[in-house]
Amino acid sequence: MGSLSAARAELAHLQHRELQLLQELSDVRKALAAQKAVLDGLVKASAVPYIDRLPNELLAEIFLLLIDEGRWLVGVSRRWRAVIYDTGKMWGKVDLEYDSPTMQKLYLERSREAPLTLTIRSLQPKLDVFLPHANRWHTLSVFSSTEVTLSIISQIILPSLRRLVLFGKGLSLHDVPTMRSWAPALKHLELVNWKLPLPFKPLCQIVPAESLEELSIAGCHDWKLEKDSMHLPSLRRLSLKIWDPIPFLEAIVAPELTSFCFAPRDVKGSISNTFAGNKTKFKNVSHLTLSRGRQVDEQTLVGLFKLLCQVFCGIRHAHFRVNYVETLFPLWDKGAIDHCTCIESLEIQDIVLDSSEPFEILIHWFEKRMRFGQRKLHLKLTGDPVMGKLVTLNTSHTVFQRLQECCASVALVGIPVPPQLYLPMSAGSPLWVSGSLCILGRWG
């Protein structure tokens, strides 16, 4: 009996101990949950967004990439407001038509000593508030009242002006004050819809020919100059949007030119069919771009493109719109691009993959190159987003596989369907690719 009583007492003790331990475990679990809640609260309270962990200097650089919207970010936080107000470059862009006089003065004050970018669209521009800051003018775009504006700024010197855009609206460059007298450091000049000056006032006496690195000319007027009459020793990039570019190319001497861009215009007369310059005149030009322009008949376009490819026969990189594929790559004849024997890469822009015809033409040309033992080229296809249209690519499709086989690499860029890129070209299994860039093939 004694042993039975002892056993029962021991059992009762253990059961009591069990209850105690269970209670302790319950208490510990409650305390653990409470402590986790406290810790989560502290973490949330002290958490800082990644962008706010950046130093002010880097944050300011990010804001400068959004300079048009950046001024409206001042309401996000006190720190952002302080950084934006303390970044003079954020306030250096002024539109004299849309920004009120009060805002113009405010921007000038906040911009401190930062370079100024001024845009003039109004009929009667008021430049008085900006003239005392002439040493800070970096970019000037004049879309209206060009004569009035030039008459004002030609009386002063703009030592820091690097970029100038002038809309002539049919005016003659003859009446433009000599730019190098008031814009001695000008690097980039855009002339839109100007007439050539009279013969006794050469163009090189008007524009700062010695310092220009980029020149862009657009308009429907004739640009015929005397052969080799315009020396542009520093020019690196030239863009022409005129109906016949050949006479202008014959007129300039630009030994440092490396990039040429052309956009067709409405034809106002006969187009040049020969180039009177030396074949090595533009031997340093490595980039040729044929961009969007006015509608020109196919025969004229074929002749013009072929002549340009002969003039710039040493180009290594060509960029053109998908609409020009048939013009540049005829199926049964020597195409314009065949004159470019040093070509290394092609970029075809504004791709909308709703037809395989451009790719069939390209494949035919690439396969012809392979038969003649020529090297494979790098190909980049740049998409043109079309609202409401699904752009797809099927890499298992025979057409695309043949394209890959013919090229050193194929890059697909700018078909934005984030977060995934869905690119079928015709029936079959689609390919999903993360991001907006797909590289197919291997870089050389």
# chains A, B, ... in the order shown; residues from 1 in each chain; ligands from 1
>>> residues_around(residues="region 263-267 of chain A", least_positions_apart="5", cutoff="7 Å", atoms="only C-alpha atoms", output="list in words")
Leu240, Lys241, Ile242, Trp243, Leu290, Ser291, Arg292, Gly293, Arg294, Gln295 and Val296 of chain A
>>> residues_around(residues="Ser172 (chain A)", least_positions_apart="4", cutoff="6 Å", atoms="only C-alpha atoms", output="list in words")
Trp194, Lys195, Leu196 and Pro197 of chain A
>>> write_last_selection(atoms="N, CA and C atoms", output="mmCIF file, in the first residue's frame")
data_model
loop_
_atom_site.group_PDB
_atom_site.id
_atom_site.type_symbol
_atom_site.label_atom_id
_atom_site.label_comp_id
_atom_site.auth_asym_id
_atom_site.auth_seq_id
_atom_site.Cartn_x
_atom_site.Cartn_y
_atom_site.Cartn_z
ATOM 1 N N TRP A 194 15.657 78.576 -93.151
ATOM 2 C CA TRP A 194 16.363 79.798 -93.528
ATOM 3 C C TRP A 194 16.746 79.756 -94.999
ATOM 4 N N LYS A 195 16.823 80.936 -95.601
ATOM 5 C CA LYS A 195 17.353 81.061 -96.951
ATOM 6 C C LYS A 195 18.848 81.344 -96.860
ATOM 7 N N LEU A 196 19.561 80.918 -97.885
ATOM 8 C CA LEU A 196 20.987 81.190 -97.922
ATOM 9 C C LEU A 196 21.260 82.682 -98.047
ATOM 10 N N PRO A 197 22.393 83.153 -97.524
ATOM 11 C CA PRO A 197 22.738 84.566 -97.688
ATOM 12 C C PRO A 197 23.109 84.873 -99.133
#
>>> residues_around(residues="Lys281 (chain A)", least_positions_apart="4", cutoff="9 Å", atoms="only C-alpha atoms", output="list in words")
Val253, Ala254, Pro255, Gly277, Val311 and Phe312 of chain A
>>> residues_around(residues="Arg112 (chain A)", least_positions_apart="5", cutoff="12 Å", atoms="only C-alpha atoms", output="MDAnalysis selection string")
chainID A and resid 85:92 105:107 133 136
>>> residues_around(residues="Gly70 (chain A)", least_positions_apart="5", cutoff="8 Å", atoms="only C-alpha atoms", output="number ranges by chain")
A: 63-64, 84, 90
>>> closest_residue(among="A:Thr327, A:Pro245, A:Leu346, A:Ala134", to="Trp223 (chain A)", atoms="only C-alpha atoms")
A:Pro245
>>> select_by_dssp(residues="region 172-366 of chain A", states="alpha helix (DSSP H)", output="ChimeraX atom specification")
/A:179-182,246-251,298-311,325-328,357-366
>>> atom_distance(atom1="CA of Ser259 (chain A)", atom2="CA of Ala336 (chain A)")
17.9 Å
>>> select_by_dssp(residues="region 45-141 of chain A", states="strand (DSSP E)", output="PyMOL selection string")
chain A and resi 93-95+116-120+137-141
>>> write_last_selection(atoms="all heavy atoms", output="tab-separated table (two decimals), in the first residue's frame")
chain	number	residue	atom	x	y	z
A	93	LYS	N	16.31	76.26	-66.42
A	93	LYS	CA	15.55	76.11	-67.67
A	93	LYS	C	14.32	77.00	-67.62
A	93	LYS	O	13.43	76.81	-66.79
A	93	LYS	CB	15.15	74.64	-67.86
A	93	LYS	CG	14.56	74.34	-69.21
A	93	LYS	CD	14.32	72.84	-69.36
A	93	LYS	CE	13.75	72.50	-70.73
A	93	LYS	NZ	13.52	71.03	-70.86
A	94	VAL	N	14.26	77.99	-68.54
A	94	VAL	CA	13.19	78.98	-68.50
A	94	VAL	C	12.56	79.13	-69.88
A	94	VAL	O	13.27	79.26	-70.89
A	94	VAL	CB	13.72	80.36	-68.04
A	94	VAL	CG1	12.57	81.36	-67.92
A	94	VAL	CG2	14.46	80.23	-66.71
A	95	ASP	N	11.23	79.09	-69.92
A	95	ASP	CA	10.48	79.36	-71.15
A	95	ASP	C	9.83	80.73	-71.00
A	95	ASP	O	8.96	80.93	-70.16
A	95	ASP	CB	9.40	78.29	-71.36
A	95	ASP	CG	8.76	78.36	-72.74
A	95	ASP	OD1	8.39	79.48	-73.16
A	95	ASP	OD2	8.63	77.32	-73.39
A	116	LEU	N	22.16	78.58	-68.02
A	116	LEU	CA	20.77	78.87	-68.33
A	116	LEU	C	20.38	78.29	-69.69
A	116	LEU	O	21.15	78.36	-70.65
A	116	LEU	CB	20.52	80.37	-68.34
A	116	LEU	CG	20.70	81.12	-67.01
A	116	LEU	CD1	20.50	82.62	-67.21
A	116	LEU	CD2	19.74	80.59	-65.96
A	117	THR	N	19.18	77.72	-69.74
A	117	THR	CA	18.58	77.25	-70.99
A	117	THR	C	17.32	78.06	-71.22
A	117	THR	O	16.34	77.93	-70.48
A	117	THR	CB	18.25	75.75	-70.91
A	117	THR	OG1	19.46	75.01	-70.75
A	117	THR	CG2	17.53	75.29	-72.17
A	118	LEU	N	17.32	78.89	-72.25
A	118	LEU	CA	16.22	79.81	-72.50
A	118	LEU	C	15.49	79.43	-73.79
A	118	LEU	O	16.12	79.10	-74.80
A	118	LEU	CB	16.74	81.25	-72.61
A	118	LEU	CG	17.57	81.78	-71.43
A	118	LEU	CD1	17.99	83.22	-71.69
A	118	LEU	CD2	16.79	81.67	-70.13
A	119	THR	N	14.16	79.49	-73.73
A	119	THR	CA	13.32	79.23	-74.90
A	119	THR	C	12.44	80.45	-75.15
A	119	THR	O	11.75	80.92	-74.24
A	119	THR	CB	12.45	77.99	-74.67
A	119	THR	OG1	13.29	76.87	-74.43
A	119	THR	CG2	11.58	77.71	-75.90
A	120	ILE	N	12.46	80.93	-76.40
A	120	ILE	CA	11.69	82.12	-76.77
A	120	ILE	C	10.66	81.72	-77.82
A	120	ILE	O	11.01	81.24	-78.90
A	120	ILE	CB	12.61	83.23	-77.32
A	120	ILE	CG1	13.60	83.67	-76.23
A	120	ILE	CG2	11.80	84.41	-77.83
A	120	ILE	CD1	14.63	84.67	-76.71
A	137	TRP	N	24.34	82.10	-70.16
A	137	TRP	CA	23.51	81.51	-71.21
A	137	TRP	C	24.26	80.33	-71.82
A	137	TRP	O	25.35	80.48	-72.37
A	137	TRP	CB	23.20	82.53	-72.28
A	137	TRP	CG	22.28	83.64	-71.86
A	137	TRP	CD1	22.09	84.10	-70.59
A	137	TRP	CD2	21.46	84.44	-72.71
A	137	TRP	NE1	21.20	85.14	-70.60
A	137	TRP	CE2	20.78	85.37	-71.88
A	137	TRP	CE3	21.22	84.46	-74.07
A	137	TRP	CZ2	19.89	86.31	-72.40
A	137	TRP	CZ3	20.34	85.39	-74.60
A	137	TRP	CH2	19.67	86.30	-73.75
A	138	HIS	N	23.66	79.16	-71.75
A	138	HIS	CA	24.26	77.95	-72.31
A	138	HIS	C	23.52	77.47	-73.56
A	138	HIS	O	24.13	77.08	-74.55
A	138	HIS	CB	24.27	76.84	-71.26
A	138	HIS	CG	24.86	75.56	-71.75
A	138	HIS	ND1	24.13	74.60	-72.45
A	138	HIS	CD2	26.12	75.05	-71.66
A	138	HIS	CE1	24.89	73.59	-72.77
A	138	HIS	NE2	26.11	73.83	-72.30
A	139	THR	N	22.19	77.49	-73.50
A	139	THR	CA	21.35	77.03	-74.62
A	139	THR	C	20.27	78.07	-74.88
A	139	THR	O	19.60	78.53	-73.95
A	139	THR	CB	20.69	75.68	-74.29
A	139	THR	OG1	21.71	74.71	-74.05
A	139	THR	CG2	19.82	75.20	-75.45
A	140	LEU	N	20.10	78.41	-76.14
A	140	LEU	CA	19.07	79.38	-76.54
A	140	LEU	C	18.31	78.83	-77.74
A	140	LEU	O	18.90	78.50	-78.77
A	140	LEU	CB	19.70	80.72	-76.90
A	140	LEU	CG	18.75	81.80	-77.43
A	140	LEU	CD1	17.72	82.18	-76.37
A	140	LEU	CD2	19.52	83.04	-77.88
A	141	SER	N	16.99	78.71	-77.59
A	141	SER	CA	16.12	78.24	-78.68
A	141	SER	C	15.13	79.36	-79.00
A	141	SER	O	14.36	79.78	-78.13
A	141	SER	CB	15.36	76.97	-78.27
A	141	SER	OG	16.27	75.93	-77.95
>>> residues_around(residues="Thr382 (chain A)", least_positions_apart="6", cutoff="6 Å", atoms="only C-alpha atoms", output="list in words")
Gln349, Asp350, Ile351, Val413 and Gly414 of chain A
>>> residues_around(residues="region 226-234 of chain A", least_positions_apart="3", cutoff="9 Å", atoms="only C-alpha atoms", output="PyMOL selection string")
chain A and resi 187+202-204+208-214+247-257+276-277
>>> write_last_selection(atoms="C-alpha atoms", output="PDB file, in the first residue's frame")
ATOM      1  CA  LYS A 187      29.358  74.232 -80.461  1.00  0.00           C
ATOM      2  CA  PRO A 202      29.587  83.627 -97.428  1.00  0.00           C
ATOM      3  CA  LEU A 203      27.877  81.415 -94.890  1.00  0.00           C
ATOM      4  CA  CYS A 204      31.165  80.729 -93.095  1.00  0.00           C
ATOM      5  CA  PRO A 208      31.131  80.321 -86.105  1.00  0.00           C
ATOM      6  CA  ALA A 209      32.716  77.795 -88.457  1.00  0.00           C
ATOM      7  CA  GLU A 210      35.876  77.324 -86.410  1.00  0.00           C
ATOM      8  CA  SER A 211      34.171  76.200 -83.196  1.00  0.00           C
ATOM      9  CA  LEU A 212      31.118  74.282 -84.491  1.00  0.00           C
ATOM     10  CA  GLU A 213      31.029  70.596 -83.589  1.00  0.00           C
ATOM     11  CA  GLU A 214      27.375  69.911 -84.501  1.00  0.00           C
ATOM     12  CA  PRO A 247      25.338  70.360-103.037  1.00  0.00           C
ATOM     13  CA  PHE A 248      25.835  71.151 -99.351  1.00  0.00           C
ATOM     14  CA  LEU A 249      28.087  68.112 -98.919  1.00  0.00           C
ATOM     15  CA  GLU A 250      30.104  69.254-101.919  1.00  0.00           C
ATOM     16  CA  ALA A 251      30.468  72.713-100.360  1.00  0.00           C
ATOM     17  CA  ILE A 252      31.765  71.780 -96.913  1.00  0.00           C
ATOM     18  CA  VAL A 253      35.227  70.711 -95.839  1.00  0.00           C
ATOM     19  CA  ALA A 254      34.929  68.831 -92.554  1.00  0.00           C
ATOM     20  CA  PRO A 255      37.890  66.523 -91.894  1.00  0.00           C
ATOM     21  CA  GLU A 256      36.673  65.589 -88.378  1.00  0.00           C
ATOM     22  CA  LEU A 257      33.126  64.636 -89.407  1.00  0.00           C
ATOM     23  CA  ALA A 276      31.525  66.198-107.460  1.00  0.00           C
ATOM     24  CA  GLY A 277      33.685  65.778-104.365  1.00  0.00           C
TER      25      GLY A 277
END
